[in-house]
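Reviewing the structure listed below.
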Amino acid sequence: MAIKARDDGAAQRLKGLVLYTRPGCHLCDEMRAGLASLHGKLDFVVREIEVGWEGELAERYGRLLPVLALDGLEICHYFLDDAQLMVRFGANPWPGVVSRD
């Protein structure tokens with residue numbers, strides 16, 4: 001995927017997302033584009049893993065593709081949940097809304 005760190009030092013500070021995909025998956029293309037649009041708001045790198053038709057990954061994720069994960073935990077599948085992603089990064093997904101905590 002084209003979303004990468006700006007330099008080697010930055011790569012160590014950025015959160016690493018994993019995007020499970022399959023060739024020809026239009027939902028995967030849409031999630032990839034959504035991640036690209038968030039790259040200016042959040043600092044992350046994306047490692048894309050192609051899920052085949054057989055094996056452990058296919059059994060786990062095959063019917064949910066695309067799947068986006070952070071630290072081994074699923075953030076979303078089928079469609080990008082940018083609000084959930086921002087929460088996982090500690091960002092406020094709803095600017096202008098102040099928490100009363």
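In the structure tokens, chains take the letters A, B, ... in the order shown, each chain's residues start at 1, and ligands count up from 1 in the order shown.
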Near Glu48 in chain A, counting only C-alpha atoms, which residues have an atom at most 9 Å away, once you skip same-chain residues fewer than 4 positions from it, shown as JSON, numbers by chain? {"A": [1, 17, 18, 19, 20, 21]}
Now that the selection is made, can you save its residues with N, CA and C atoms as a tab-separated table (two decimals), in the first residue's frame?
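Below is the file that was written, result25.tsv:
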chain	number	residue	atom	x	y	z
A	1	MET	N	0.84	-1.18	0.00
A	1	MET	CA	0.00	0.00	0.00
A	1	MET	C	0.89	1.23	0.00
A	17	LEU	N	-0.98	-0.29	11.10
A	17	LEU	CA	-2.26	-0.93	10.81
A	17	LEU	C	-2.01	-2.11	9.88
A	18	VAL	N	-2.86	-3.11	9.97
A	18	VAL	CA	-2.81	-4.24	9.04
A	18	VAL	C	-4.14	-4.27	8.30
A	19	LEU	N	-4.06	-4.30	6.99
A	19	LEU	CA	-5.24	-4.36	6.14
A	19	LEU	C	-5.24	-5.71	5.43
A	20	TYR	N	-6.22	-6.54	5.77
A	20	TYR	CA	-6.36	-7.85	5.13
A	20	TYR	C	-7.24	-7.67	3.90
A	21	THR	N	-6.74	-8.10	2.75
A	21	THR	CA	-7.42	-7.86	1.48
A	21	THR	C	-7.41	-9.11	0.60
Nearest residue to Tyr78 in chain A out of A:Arg47, A:His39, A:His26, A:Lys15, using only C-alpha atoms? A:His26
For each of A:Gly34, A:Pro93, A:Pro23, A:Gly16, take the minimum atom-to-atom distance to Val51 in chain A, counting only C-alpha atoms, then give the residue where this is smallest.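 With only C-alpha atoms as the atom set, the closest residue is A:Pro23.
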Pick out each residue of range 57-96 of chain A that DSSP on the backbone tags as strand (DSSP E); I need them as a PyMOL selection string. chain A and resi 67-70+73-77
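The nearest approach to Arg22 in chain A among the residues A:Met86, A:Ala36, A:Leu73, A:Leu64, with only C-alpha atoms taken into account, belongs to A:Leu64.
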Tell me which protein, DNA and RNA residues are within 8 Å of Leu85 in chain A, counting only C-alpha atoms, leaving out same-chain ones fewer than 4 positions away, and put them as a ChimeraX atom specification. /A:75,81,89
Which is closer to Leu80 in chain A than all the others in A:Gly24, A:Pro66, A:Gly52, A:Gly40, using only C-alpha atoms?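 Ranked by minimum distance to Leu80 in chain A, first place goes to A:Pro66.
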For Ala91 in chain A, work out the shell of residues within 12 Å, counting only C-alpha atoms and skipping chain neighbours fewer than 6 positions away, then give it as a list in words. Leu38, Lys41, Leu42, Asp43, Asp82, Ala83, Gln84, Leu85 and Val97 of chain A
With C-alpha atoms kept, could you save the residues just selected as a PDB file, in the first residue's frame?
ATOM      1  CA  LEU A  38      -7.135   9.933   6.805  1.00  0.00           C
ATOM      2  CA  LYS A  41      -5.045  13.525  10.128  1.00  0.00           C
ATOM      3  CA  LEU A  42      -3.447  10.447  11.715  1.00  0.00           C
ATOM      4  CA  ASP A  43       0.106   9.154  11.576  1.00  0.00           C
ATOM      5  CA  ASP A  82     -13.007   6.287  10.556  1.00  0.00           C
ATOM      6  CA  ALA A  83     -14.524   7.345  13.897  1.00  0.00           C
ATOM      7  CA  GLN A  84     -13.438   4.067  15.519  1.00  0.00           C
ATOM      8  CA  LEU A  85      -9.986   4.409  13.969  1.00  0.00           C
ATOM      9  CA  VAL A  97     -17.787  18.128  20.773  1.00  0.00           C
TER      10      VAL A  97
END
By how many Å are CA of Leu68 in chain A and CA of Ile49 in chain A apart? 10.2 Å
